>>> print(open('run-v2.pdb').read())   # PDB, C-alpha atoms
ATOM      1  CA  ASP A 214    -151.116-151.241  20.277  1.00  0.00           C
ATOM      2  CA  ALA A 215    -150.956-151.219  24.046  1.00  0.00           C
ATOM      3  CA  LYS A 216    -150.063-154.571  25.570  1.00  0.00           C
ATOM      4  CA  THR A 217    -152.118-153.956  28.698  1.00  0.00           C
ATOM      5  CA  THR A 218    -155.787-154.050  29.665  1.00  0.00           C
ATOM      6  CA  GLN A 219    -157.234-151.788  32.352  1.00  0.00           C
ATOM      7  CA  PRO A 220    -160.783-151.050  33.501  1.00  0.00           C
ATOM      8  CA  PRO A 221    -161.971-147.766  31.991  1.00  0.00           C
ATOM      9  CA  SER A 222    -163.008-146.213  35.292  1.00  0.00           C
ATOM     10  CA  MET A 223    -163.010-146.734  39.056  1.00  0.00           C
ATOM     11  CA  ASP A 224    -164.229-144.868  42.117  1.00  0.00           C
ATOM     12  CA  CYS A 225    -162.562-144.737  45.507  1.00  0.00           C
ATOM     13  CA  ALA A 226    -163.543-143.059  48.758  1.00  0.00           C
ATOM     14  CA  GLU A 227    -161.177-140.427  50.073  1.00  0.00           C
ATOM     15  CA  GLY A 228    -158.804-141.865  52.665  1.00  0.00           C
ATOM     16  CA  ARG A 229    -159.270-145.425  51.494  1.00  0.00           C
ATOM     17  CA  ALA A 230    -156.818-147.474  49.471  1.00  0.00           C
ATOM     18  CA  ALA A 231    -157.207-147.333  45.707  1.00  0.00           C
ATOM     19  CA  ASN A 232    -156.305-150.594  43.970  1.00  0.00           C
ATOM     20  CA  LEU A 233    -155.907-150.258  40.218  1.00  0.00           C
ATOM     21  CA  PRO A 234    -155.567-153.523  38.286  1.00  0.00           C
ATOM     22  CA  CYS A 235    -153.729-154.126  35.038  1.00  0.00           C
ATOM     23  CA  ASN A 236    -153.550-157.235  32.876  1.00  0.00           C
ATOM     24  CA  HIS A 237    -150.459-157.865  30.762  1.00  0.00           C
ATOM     25  CA  SER A 238    -150.737-161.537  29.899  1.00  0.00           C
ATOM     26  CA  THR A 239    -148.281-161.338  26.962  1.00  0.00           C
ATOM     27  CA  ILE A 240    -145.495-159.638  28.897  1.00  0.00           C
ATOM     28  CA  SER A 241    -142.000-160.764  27.952  1.00  0.00           C
ATOM     29  CA  GLY A 242    -139.245-161.658  30.380  1.00  0.00           C
ATOM     30  CA  ASN A 243    -137.309-158.446  29.726  1.00  0.00           C
ATOM     31  CA  GLU A 244    -140.293-156.110  30.001  1.00  0.00           C
ATOM     32  CA  TYR A 245    -140.938-153.885  32.958  1.00  0.00           C
ATOM     33  CA  VAL A 246    -144.323-152.678  34.182  1.00  0.00           C
ATOM     34  CA  TYR A 247    -144.542-148.887  34.418  1.00  0.00           C
ATOM     35  CA  TRP A 248    -147.344-146.771  35.860  1.00  0.00           C
ATOM     36  CA  TYR A 249    -148.035-143.164  34.996  1.00  0.00           C
ATOM     37  CA  ARG A 250    -150.901-140.875  35.840  1.00  0.00           C
ATOM     38  CA  GLN A 251    -152.298-137.808  34.161  1.00  0.00           C
ATOM     39  CA  ILE A 252    -154.163-135.164  36.050  1.00  0.00           C
ATOM     40  CA  HIS A 253    -156.501-133.077  33.939  1.00  0.00           C
ATOM     41  CA  SER A 254    -154.700-130.675  31.562  1.00  0.00           C
ATOM     42  CA  GLN A 255    -151.240-131.754  32.709  1.00  0.00           C
ATOM     43  CA  GLY A 256    -148.600-133.999  31.184  1.00  0.00           C
ATOM     44  CA  PRO A 257    -148.375-137.605  32.425  1.00  0.00           C
ATOM     45  CA  GLN A 258    -146.418-138.132  35.633  1.00  0.00           C
ATOM     46  CA  TYR A 259    -144.252-141.147  36.419  1.00  0.00           C
ATOM     47  CA  ILE A 260    -145.402-143.112  39.473  1.00  0.00           C
ATOM     48  CA  ILE A 261    -143.514-146.376  39.774  1.00  0.00           C
ATOM     49  CA  HIS A 262    -142.161-149.330  37.835  1.00  0.00           C
ATOM     50  CA  GLY A 263    -141.078-152.905  38.500  1.00  0.00           C
ATOM     51  CA  LEU A 264    -139.901-156.131  36.902  1.00  0.00           C
ATOM     52  CA  LYS A 265    -141.026-158.983  39.140  1.00  0.00           C
ATOM     53  CA  ASN A 266    -140.594-157.909  42.733  1.00  0.00           C
ATOM     54  CA  ASN A 267    -143.105-155.745  44.523  1.00  0.00           C
ATOM     55  CA  GLU A 268    -142.042-152.114  44.676  1.00  0.00           C
ATOM     56  CA  THR A 269    -142.936-149.214  46.937  1.00  0.00           C
ATOM     57  CA  ASN A 270    -142.112-145.540  46.856  1.00  0.00           C
ATOM     58  CA  GLU A 271    -143.495-142.388  48.384  1.00  0.00           C
ATOM     59  CA  MET A 272    -146.394-142.300  45.929  1.00  0.00           C
ATOM     60  CA  ALA A 273    -147.589-145.878  45.624  1.00  0.00           C
ATOM     61  CA  SER A 274    -146.963-149.601  45.808  1.00  0.00           C
ATOM     62  CA  LEU A 275    -146.786-151.967  42.863  1.00  0.00           C
ATOM     63  CA  ILE A 276    -147.756-155.585  43.295  1.00  0.00           C
ATOM     64  CA  ILE A 277    -146.826-157.921  40.422  1.00  0.00           C
ATOM     65  CA  THR A 278    -148.177-161.468  40.362  1.00  0.00           C
ATOM     66  CA  GLU A 279    -145.714-164.326  40.380  1.00  0.00           C
ATOM     67  CA  ASP A 280    -146.480-165.220  36.761  1.00  0.00           C
ATOM     68  CA  ARG A 281    -146.146-161.494  35.892  1.00  0.00           C
ATOM     69  CA  LYS A 282    -149.353-161.568  33.877  1.00  0.00           C
ATOM     70  CA  SER A 283    -151.025-158.904  35.967  1.00  0.00           C
ATOM     71  CA  SER A 284    -150.240-156.194  38.461  1.00  0.00           C
ATOM     72  CA  THR A 285    -151.956-153.820  40.856  1.00  0.00           C
ATOM     73  CA  LEU A 286    -151.089-150.242  41.655  1.00  0.00           C
ATOM     74  CA  ILE A 287    -152.000-149.329  45.217  1.00  0.00           C
ATOM     75  CA  LEU A 288    -152.489-145.782  46.449  1.00  0.00           C
ATOM     76  CA  PRO A 289    -152.643-146.446  50.202  1.00  0.00           C
ATOM     77  CA  HIS A 290    -154.643-143.402  51.288  1.00  0.00           C
ATOM     78  CA  ALA A 291    -156.304-141.806  48.291  1.00  0.00           C
ATOM     79  CA  THR A 292    -156.908-138.056  48.342  1.00  0.00           C
ATOM     80  CA  LEU A 293    -158.994-135.872  46.049  1.00  0.00           C
ATOM     81  CA  ARG A 294    -155.753-134.853  44.309  1.00  0.00           C
ATOM     82  CA  ASP A 295    -155.266-138.445  43.189  1.00  0.00           C
ATOM     83  CA  THR A 296    -158.217-138.114  40.810  1.00  0.00           C
ATOM     84  CA  ALA A 297    -156.585-138.743  37.431  1.00  0.00           C
ATOM     85  CA  VAL A 298    -156.212-141.179  34.546  1.00  0.00           C
ATOM     86  CA  TYR A 299    -153.780-143.968  35.433  1.00  0.00           C
ATOM     87  CA  TYR A 300    -151.823-145.718  32.692  1.00  0.00           C
ATOM     88  CA  CYS A 301    -150.188-149.130  32.962  1.00  0.00           C
ATOM     89  CA  ILE A 302    -147.457-149.761  30.371  1.00  0.00           C
ATOM     90  CA  VAL A 303    -145.119-152.651  29.678  1.00  0.00           C
ATOM     91  CA  ARG A 304    -141.806-151.874  28.073  1.00  0.00           C
ATOM     92  CA  ALA A 305    -138.399-153.421  27.721  1.00  0.00           C
ATOM     93  CA  TYR A 306    -135.723-151.771  29.843  1.00  0.00           C
ATOM     94  CA  TYR A 307    -134.085-150.049  26.883  1.00  0.00           C
ATOM     95  CA  GLY A 308    -137.213-150.066  24.743  1.00  0.00           C
ATOM     96  CA  GLN A 309    -137.841-147.401  22.211  1.00  0.00           C
ATOM     97  CA  ASN A 310    -141.074-145.882  23.304  1.00  0.00           C
ATOM     98  CA  PHE A 311    -143.884-146.111  25.800  1.00  0.00           C
ATOM     99  CA  VAL A 312    -147.232-147.208  24.323  1.00  0.00           C
ATOM    100  CA  PHE A 313    -150.127-145.715  26.236  1.00  0.00           C
ATOM    101  CA  GLY A 314    -153.583-147.256  26.240  1.00  0.00           C
ATOM    102  CA  PRO A 315    -156.736-145.431  27.348  1.00  0.00           C
ATOM    103  CA  GLY A 316    -155.925-146.031  31.035  1.00  0.00           C
ATOM    104  CA  THR A 317    -158.219-146.094  34.072  1.00  0.00           C
ATOM    105  CA  ARG A 318    -159.992-142.928  35.121  1.00  0.00           C
ATOM    106  CA  LEU A 319    -159.880-142.923  38.926  1.00  0.00           C
ATOM    107  CA  SER A 320    -162.338-140.682  40.728  1.00  0.00           C
ATOM    108  CA  VAL A 321    -161.653-140.136  44.419  1.00  0.00           C
ATOM    109  CA  LEU A 322    -164.907-139.191  46.099  1.00  0.00           C
ATOM    110  CA  PRO A 323    -165.248-137.118  49.296  1.00  0.00           C
TER     111      PRO A 323
ATOM    112  CA  ASP B  98    -137.619-125.153  37.305  1.00  0.00           C
ATOM    113  CA  THR B  99    -135.484-127.903  35.778  1.00  0.00           C
ATOM    114  CA  GLY B 100    -138.318-129.946  34.261  1.00  0.00           C
ATOM    115  CA  VAL B 101    -139.331-130.323  30.631  1.00  0.00           C
ATOM    116  CA  SER B 102    -140.640-127.075  29.198  1.00  0.00           C
ATOM    117  CA  GLN B 103    -142.764-126.576  26.117  1.00  0.00           C
ATOM    118  CA  ASP B 104    -143.622-123.466  24.181  1.00  0.00           C
ATOM    119  CA  PRO B 105    -146.162-122.204  23.360  1.00  0.00           C
ATOM    120  CA  ARG B 106    -148.646-123.696  25.781  1.00  0.00           C
ATOM    121  CA  HIS B 107    -151.540-122.804  23.538  1.00  0.00           C
ATOM    122  CA  LYS B 108    -151.716-122.093  19.823  1.00  0.00           C
ATOM    123  CA  ILE B 109    -154.762-121.213  17.754  1.00  0.00           C
ATOM    124  CA  THR B 110    -154.253-121.152  14.015  1.00  0.00           C
ATOM    125  CA  LYS B 111    -156.227-121.211  10.818  1.00  0.00           C
ATOM    126  CA  ARG B 112    -156.310-124.231   8.573  1.00  0.00           C
ATOM    127  CA  GLY B 113    -153.443-124.220   6.112  1.00  0.00           C
ATOM    128  CA  GLN B 114    -151.023-122.305   8.326  1.00  0.00           C
ATOM    129  CA  ASN B 115    -147.739-123.703   9.618  1.00  0.00           C
ATOM    130  CA  VAL B 116    -147.046-124.039  13.331  1.00  0.00           C
ATOM    131  CA  THR B 117    -143.913-124.888  15.293  1.00  0.00           C
ATOM    132  CA  PHE B 118    -143.609-126.162  18.842  1.00  0.00           C
ATOM    133  CA  ARG B 119    -140.451-126.142  20.911  1.00  0.00           C
ATOM    134  CA  CYS B 120    -139.414-128.512  23.677  1.00  0.00           C
ATOM    135  CA  ASP B 121    -136.556-128.032  26.117  1.00  0.00           C
ATOM    136  CA  PRO B 122    -135.817-131.337  27.862  1.00  0.00           C
ATOM    137  CA  ILE B 123    -134.173-131.907  31.213  1.00  0.00           C
ATOM    138  CA  SER B 124    -130.596-130.880  30.537  1.00  0.00           C
ATOM    139  CA  GLU B 125    -128.717-134.170  30.843  1.00  0.00           C
ATOM    140  CA  HIS B 126    -131.390-136.328  29.216  1.00  0.00           C
ATOM    141  CA  ASN B 127    -130.325-138.048  26.011  1.00  0.00           C
ATOM    142  CA  ARG B 128    -133.735-139.135  24.738  1.00  0.00           C
ATOM    143  CA  LEU B 129    -136.528-136.848  23.653  1.00  0.00           C
ATOM    144  CA  TYR B 130    -140.010-137.964  22.655  1.00  0.00           C
ATOM    145  CA  TRP B 131    -142.998-136.338  21.000  1.00  0.00           C
ATOM    146  CA  TYR B 132    -146.521-137.589  21.652  1.00  0.00           C
ATOM    147  CA  ARG B 133    -149.927-136.387  20.538  1.00  0.00           C
ATOM    148  CA  GLN B 134    -153.036-136.629  22.665  1.00  0.00           C
ATOM    149  CA  THR B 135    -156.653-136.033  21.708  1.00  0.00           C
ATOM    150  CA  LEU B 136    -159.547-135.704  24.118  1.00  0.00           C
ATOM    151  CA  GLY B 137    -160.300-138.878  26.031  1.00  0.00           C
ATOM    152  CA  GLN B 138    -157.388-140.814  24.569  1.00  0.00           C
ATOM    153  CA  GLY B 139    -154.003-141.773  25.921  1.00  0.00           C
ATOM    154  CA  PRO B 140    -150.905-140.145  24.449  1.00  0.00           C
ATOM    155  CA  GLU B 141    -149.930-141.489  21.004  1.00  0.00           C
ATOM    156  CA  PHE B 142    -146.263-141.836  20.131  1.00  0.00           C
ATOM    157  CA  LEU B 143    -145.031-139.708  17.235  1.00  0.00           C
ATOM    158  CA  THR B 144    -141.234-139.858  17.232  1.00  0.00           C
ATOM    159  CA  TYR B 145    -138.169-139.966  19.429  1.00  0.00           C
ATOM    160  CA  PHE B 146    -134.543-138.851  19.349  1.00  0.00           C
ATOM    161  CA  GLN B 147    -131.455-140.306  20.930  1.00  0.00           C
ATOM    162  CA  ASN B 148    -129.214-137.254  21.211  1.00  0.00           C
ATOM    163  CA  GLU B 149    -129.558-135.586  17.776  1.00  0.00           C
ATOM    164  CA  ALA B 150    -130.516-138.743  15.856  1.00  0.00           C
ATOM    165  CA  GLN B 151    -134.177-139.366  15.083  1.00  0.00           C
ATOM    166  CA  LEU B 152    -134.435-143.109  15.672  1.00  0.00           C
ATOM    167  CA  GLU B 153    -138.125-143.893  15.233  1.00  0.00           C
ATOM    168  CA  LYS B 154    -141.136-142.296  13.627  1.00  0.00           C
ATOM    169  CA  SER B 155    -144.725-143.418  13.969  1.00  0.00           C
ATOM    170  CA  ARG B 156    -146.924-143.864  10.931  1.00  0.00           C
ATOM    171  CA  LEU B 157    -148.983-141.079  12.519  1.00  0.00           C
ATOM    172  CA  LEU B 158    -146.205-138.678  11.558  1.00  0.00           C
ATOM    173  CA  SER B 159    -147.349-137.688   8.091  1.00  0.00           C
ATOM    174  CA  ASP B 160    -145.222-135.803   5.572  1.00  0.00           C
ATOM    175  CA  ARG B 161    -146.621-132.542   6.934  1.00  0.00           C
ATOM    176  CA  PHE B 162    -144.914-133.184  10.268  1.00  0.00           C
ATOM    177  CA  SER B 163    -141.218-132.743  10.839  1.00  0.00           C
ATOM    178  CA  ALA B 164    -139.198-132.889  14.023  1.00  0.00           C
ATOM    179  CA  GLU B 165    -135.628-131.878  14.674  1.00  0.00           C
ATOM    180  CA  ARG B 166    -133.173-131.926  17.532  1.00  0.00           C
ATOM    181  CA  PRO B 167    -130.203-130.209  15.926  1.00  0.00           C
ATOM    182  CA  LYS B 168    -127.684-130.196  18.754  1.00  0.00           C
ATOM    183  CA  GLY B 169    -129.090-132.936  20.887  1.00  0.00           C
ATOM    184  CA  SER B 170    -130.655-130.450  23.269  1.00  0.00           C
ATOM    185  CA  PHE B 171    -133.957-128.719  22.471  1.00  0.00           C
ATOM    186  CA  SER B 172    -136.319-130.032  19.803  1.00  0.00           C
ATOM    187  CA  THR B 173    -138.877-128.535  17.456  1.00  0.00           C
ATOM    188  CA  LEU B 174    -141.985-130.088  15.971  1.00  0.00           C
ATOM    189  CA  GLU B 175    -143.338-128.353  12.875  1.00  0.00           C
ATOM    190  CA  ILE B 176    -146.700-128.988  11.289  1.00  0.00           C
ATOM    191  CA  GLN B 177    -147.136-127.632   7.792  1.00  0.00           C
ATOM    192  CA  ARG B 178    -150.484-126.854   6.157  1.00  0.00           C
ATOM    193  CA  THR B 179    -152.402-127.580   9.327  1.00  0.00           C
ATOM    194  CA  GLU B 180    -155.721-129.410   9.177  1.00  0.00           C
ATOM    195  CA  GLN B 181    -158.542-129.456  11.690  1.00  0.00           C
ATOM    196  CA  GLY B 182    -157.631-133.051  12.523  1.00  0.00           C
ATOM    197  CA  ASP B 183    -154.283-131.825  13.822  1.00  0.00           C
ATOM    198  CA  SER B 184    -156.032-130.203  16.778  1.00  0.00           C
ATOM    199  CA  ALA B 185    -154.608-131.953  19.822  1.00  0.00           C
ATOM    200  CA  MET B 186    -152.242-131.643  22.760  1.00  0.00           C
ATOM    201  CA  TYR B 187    -148.638-132.165  21.691  1.00  0.00           C
ATOM    202  CA  LEU B 188    -146.578-133.584  24.526  1.00  0.00           C
ATOM    203  CA  CYS B 189    -142.816-133.677  24.812  1.00  0.00           C
ATOM    204  CA  ALA B 190    -140.980-135.997  27.164  1.00  0.00           C
ATOM    205  CA  SER B 191    -137.360-136.698  27.937  1.00  0.00           C
ATOM    206  CA  SER B 192    -135.458-139.507  29.587  1.00  0.00           C
ATOM    207  CA  LEU B 193    -131.958-140.565  30.491  1.00  0.00           C
ATOM    208  CA  VAL B 194    -131.133-143.997  29.180  1.00  0.00           C
ATOM    209  CA  GLY B 195    -127.992-145.627  30.429  1.00  0.00           C
ATOM    210  CA  THR B 196    -126.596-148.359  32.576  1.00  0.00           C
ATOM    211  CA  LEU B 197    -127.782-146.985  35.880  1.00  0.00           C
ATOM    212  CA  ASN B 198    -131.006-145.397  34.750  1.00  0.00           C
ATOM    213  CA  THR B 199    -134.431-146.853  34.199  1.00  0.00           C
ATOM    214  CA  GLY B 200    -135.372-144.573  31.344  1.00  0.00           C
ATOM    215  CA  GLU B 201    -138.700-143.411  32.693  1.00  0.00           C
ATOM    216  CA  LEU B 202    -140.213-140.473  30.881  1.00  0.00           C
ATOM    217  CA  PHE B 203    -140.576-136.988  32.258  1.00  0.00           C
ATOM    218  CA  PHE B 204    -143.280-135.053  30.448  1.00  0.00           C
ATOM    219  CA  GLY B 205    -143.794-131.375  29.854  1.00  0.00           C
ATOM    220  CA  GLU B 206    -147.163-129.677  30.267  1.00  0.00           C
ATOM    221  CA  GLY B 207    -147.883-129.890  26.555  1.00  0.00           C
ATOM    222  CA  SER B 208    -148.705-127.495  23.735  1.00  0.00           C
ATOM    223  CA  ARG B 209    -152.383-127.376  22.875  1.00  0.00           C
ATOM    224  CA  LEU B 210    -153.103-126.753  19.198  1.00  0.00           C
ATOM    225  CA  THR B 211    -156.477-125.626  17.908  1.00  0.00           C
ATOM    226  CA  VAL B 212    -156.929-125.453  14.150  1.00  0.00           C
ATOM    227  CA  LEU B 213    -159.943-123.408  13.044  1.00  0.00           C
TER     228      LEU B 213
END
>>> encode(input="run-v2.pdb", output="structure tokens")
Amino acid sequence: DAKTTQPPSMDCAEGRAANLPCNHSTISGNEYVYWYRQIHSQGPQYIIHGLKNNETNEMASLIITEDRKSSTLILPHATLRDTAVYYCIVRAYYGQNFVFGPGTRLSVLP
Amino acid sequence: DTGVSQDPRHKITKRGQNVTFRCDPISEHNRLYWYRQTLGQGPEFLTYFQNEAQLEKSRLLSDRFSAERPKGSFSTLEIQRTEQGDSAMYLCASSLVGTLNTGELFFGEGSRLTVL
């Protein structure tokens, strides 16, 4: 079973920041937080991952709370093309597999 | 294109027939995963390989399913005596696991199976 909890759906206005929360209260010290997204009819796409420090790349920012029990994925300026299902996953660095939950369906509205 | 490729992209078959899917991972990647996804659900893990060794299989992988990665490069997933419940998207992913790599997955576009 997935070790994360995410809201099933969210809306965001185009051009605004999209903040997607994830709870992972049972995360272990050696587990990373990974985010993927899946646009309709495509395979999931890697976005970002982190251990305890906040991370930023060209796609998004990842904010992890100090106790590591939750995190937020931030898309700073959401576009219509960001409409997708976003998955938050916790996994040990050399873990065997990624366990996907149902994710959050983000709808970016014009 | 040097990403993960899957073939065929779509397969329609009659119940009871056998089907085989092929996955070509990113060339230097040592891990290869198979997932299954049904409508409205997240991908479900089926099995994974480290090089040519199959290291883990999900309980979802019934006896009718078999996966191989004979030379540690491409992989095949065969479903024998297909059932309507096998209708799903079959996703392949690869990763490079090593000291300097984070092991994130790179997915193909999937092979959609419809069993009539």
>>> interface_residues(input="run-v2.pdb", of="chain A", to="chain B", cutoff="9 Å", atoms="only C-alpha atoms", output="list in words")
Tyr247, Ser254, Gln255, Gly256, Pro257, Gln258, Tyr259, His262, Val298, Tyr300, Tyr306, Tyr307, Gly308, Gln309, Asn310, Phe311, Val312, Phe313, Gly314, Pro315 and Gly316 of chain A
>>> write_last_selection(input="run-v2.pdb", atoms="C-alpha atoms", output="PDB file, in the coordinates of the input")
ATOM      1  CA  TYR A 247    -144.542-148.887  34.418  1.00  0.00           C
ATOM      2  CA  SER A 254    -154.700-130.675  31.562  1.00  0.00           C
ATOM      3  CA  GLN A 255    -151.240-131.754  32.709  1.00  0.00           C
ATOM      4  CA  GLY A 256    -148.600-133.999  31.184  1.00  0.00           C
ATOM      5  CA  PRO A 257    -148.375-137.605  32.425  1.00  0.00           C
ATOM      6  CA  GLN A 258    -146.418-138.132  35.633  1.00  0.00           C
ATOM      7  CA  TYR A 259    -144.252-141.147  36.419  1.00  0.00           C
ATOM      8  CA  HIS A 262    -142.161-149.330  37.835  1.00  0.00           C
ATOM      9  CA  VAL A 298    -156.212-141.179  34.546  1.00  0.00           C
ATOM     10  CA  TYR A 300    -151.823-145.718  32.692  1.00  0.00           C
ATOM     11  CA  TYR A 306    -135.723-151.771  29.843  1.00  0.00           C
ATOM     12  CA  TYR A 307    -134.085-150.049  26.883  1.00  0.00           C
ATOM     13  CA  GLY A 308    -137.213-150.066  24.743  1.00  0.00           C
ATOM     14  CA  GLN A 309    -137.841-147.401  22.211  1.00  0.00           C
ATOM     15  CA  ASN A 310    -141.074-145.882  23.304  1.00  0.00           C
ATOM     16  CA  PHE A 311    -143.884-146.111  25.800  1.00  0.00           C
ATOM     17  CA  VAL A 312    -147.232-147.208  24.323  1.00  0.00           C
ATOM     18  CA  PHE A 313    -150.127-145.715  26.236  1.00  0.00           C
ATOM     19  CA  GLY A 314    -153.583-147.256  26.240  1.00  0.00           C
ATOM     20  CA  PRO A 315    -156.736-145.431  27.348  1.00  0.00           C
ATOM     21  CA  GLY A 316    -155.925-146.031  31.035  1.00  0.00           C
TER      22      GLY A 316
END
>>> atom_distance(input="run-v2.pdb", atom1="atom CA of B:Gly182", atom2="atom CA of B:Arg119")
20.3 Å
>>> resolve_selection(input="run-v2.pdb", expression="the PyMOL selection byres ((chain B and resi 162-173) around 8)", output="MDAnalysis selection string")
chainID B and resid 117:122 124 127 129 144 146:151 158:161 174:177
>>> resolve_selection(input="run-v2.pdb", expression="the PyMOL selection byres ((chain A and resi 218-233) around 6)", output="MDAnalysis selection string")
chainID A and resid 217 234:236 285:292 317:323
>>> atom_distance(input="run-v2.pdb", atom1="atom CA of A:Met272", atom2="atom CA of A:Ile260")
6.6 Å
>>> atom_distance(input="run-v2.pdb", atom1="atom CA of B:Val212", atom2="atom CA of B:Ala185")
8.9 Å
>>> build_atoms(input="run-v2.pdb", residues="stretch 143-154 of chain B", atoms="N, CA, C and O atoms", output="PDB file, in the coordinates of the input")
ATOM      1  N   LEU B 143    -145.305-140.263  18.560  1.00  0.00           N
ATOM      2  CA  LEU B 143    -145.031-139.708  17.235  1.00  0.00           C
ATOM      3  C   LEU B 143    -143.612-140.029  16.769  1.00  0.00           C
ATOM      4  O   LEU B 143    -143.397-140.562  15.694  1.00  0.00           O
ATOM      5  N   THR B 144    -142.628-139.670  17.613  1.00  0.00           N
ATOM      6  CA  THR B 144    -141.234-139.858  17.232  1.00  0.00           C
ATOM      7  C   THR B 144    -140.352-139.719  18.459  1.00  0.00           C
ATOM      8  O   THR B 144    -140.784-139.196  19.496  1.00  0.00           O
ATOM      9  N   TYR B 145    -139.113-140.213  18.350  1.00  0.00           N
ATOM     10  CA  TYR B 145    -138.169-139.966  19.429  1.00  0.00           C
ATOM     11  C   TYR B 145    -136.758-139.815  18.891  1.00  0.00           C
ATOM     12  O   TYR B 145    -136.430-140.286  17.800  1.00  0.00           O
ATOM     13  N   PHE B 146    -135.944-139.114  19.658  1.00  0.00           N
ATOM     14  CA  PHE B 146    -134.543-138.851  19.349  1.00  0.00           C
ATOM     15  C   PHE B 146    -133.656-139.447  20.432  1.00  0.00           C
ATOM     16  O   PHE B 146    -133.984-139.393  21.607  1.00  0.00           O
ATOM     17  N   GLN B 147    -132.540-139.967  20.016  1.00  0.00           N
ATOM     18  CA  GLN B 147    -131.455-140.306  20.930  1.00  0.00           C
ATOM     19  C   GLN B 147    -130.348-139.320  20.592  1.00  0.00           C
ATOM     20  O   GLN B 147    -129.776-139.369  19.492  1.00  0.00           O
ATOM     21  N   ASN B 148    -130.085-138.404  21.515  1.00  0.00           N
ATOM     22  CA  ASN B 148    -129.214-137.254  21.211  1.00  0.00           C
ATOM     23  C   ASN B 148    -129.795-136.529  19.996  1.00  0.00           C
ATOM     24  O   ASN B 148    -130.967-136.178  20.008  1.00  0.00           O
ATOM     25  N   GLU B 149    -129.013-136.325  18.916  1.00  0.00           N
ATOM     26  CA  GLU B 149    -129.558-135.586  17.776  1.00  0.00           C
ATOM     27  C   GLU B 149    -130.164-136.496  16.710  1.00  0.00           C
ATOM     28  O   GLU B 149    -130.749-136.011  15.738  1.00  0.00           O
ATOM     29  N   ALA B 150    -130.041-137.802  16.869  1.00  0.00           N
ATOM     30  CA  ALA B 150    -130.516-138.743  15.856  1.00  0.00           C
ATOM     31  C   ALA B 150    -131.995-139.103  16.089  1.00  0.00           C
ATOM     32  O   ALA B 150    -132.377-139.508  17.190  1.00  0.00           O
ATOM     33  N   GLN B 151    -132.764-138.972  15.021  1.00  0.00           N
ATOM     34  CA  GLN B 151    -134.177-139.366  15.083  1.00  0.00           C
ATOM     35  C   GLN B 151    -134.247-140.856  14.779  1.00  0.00           C
ATOM     36  O   GLN B 151    -134.005-141.291  13.646  1.00  0.00           O
ATOM     37  N   LEU B 152    -134.568-141.662  15.785  1.00  0.00           N
ATOM     38  CA  LEU B 152    -134.435-143.109  15.672  1.00  0.00           C
ATOM     39  C   LEU B 152    -135.730-143.827  15.298  1.00  0.00           C
ATOM     40  O   LEU B 152    -135.685-144.955  14.819  1.00  0.00           O
ATOM     41  N   GLU B 153    -136.866-143.218  15.555  1.00  0.00           N
ATOM     42  CA  GLU B 153    -138.125-143.893  15.233  1.00  0.00           C
ATOM     43  C   GLU B 153    -139.192-142.860  14.958  1.00  0.00           C
ATOM     44  O   GLU B 153    -139.255-141.826  15.615  1.00  0.00           O
ATOM     45  N   LYS B 154    -139.990-143.150  13.954  1.00  0.00           N
ATOM     46  CA  LYS B 154    -141.136-142.296  13.627  1.00  0.00           C
ATOM     47  C   LYS B 154    -142.371-143.163  13.487  1.00  0.00           C
ATOM     48  O   LYS B 154    -142.357-144.196  12.820  1.00  0.00           O
TER      49      LYS B 154
END
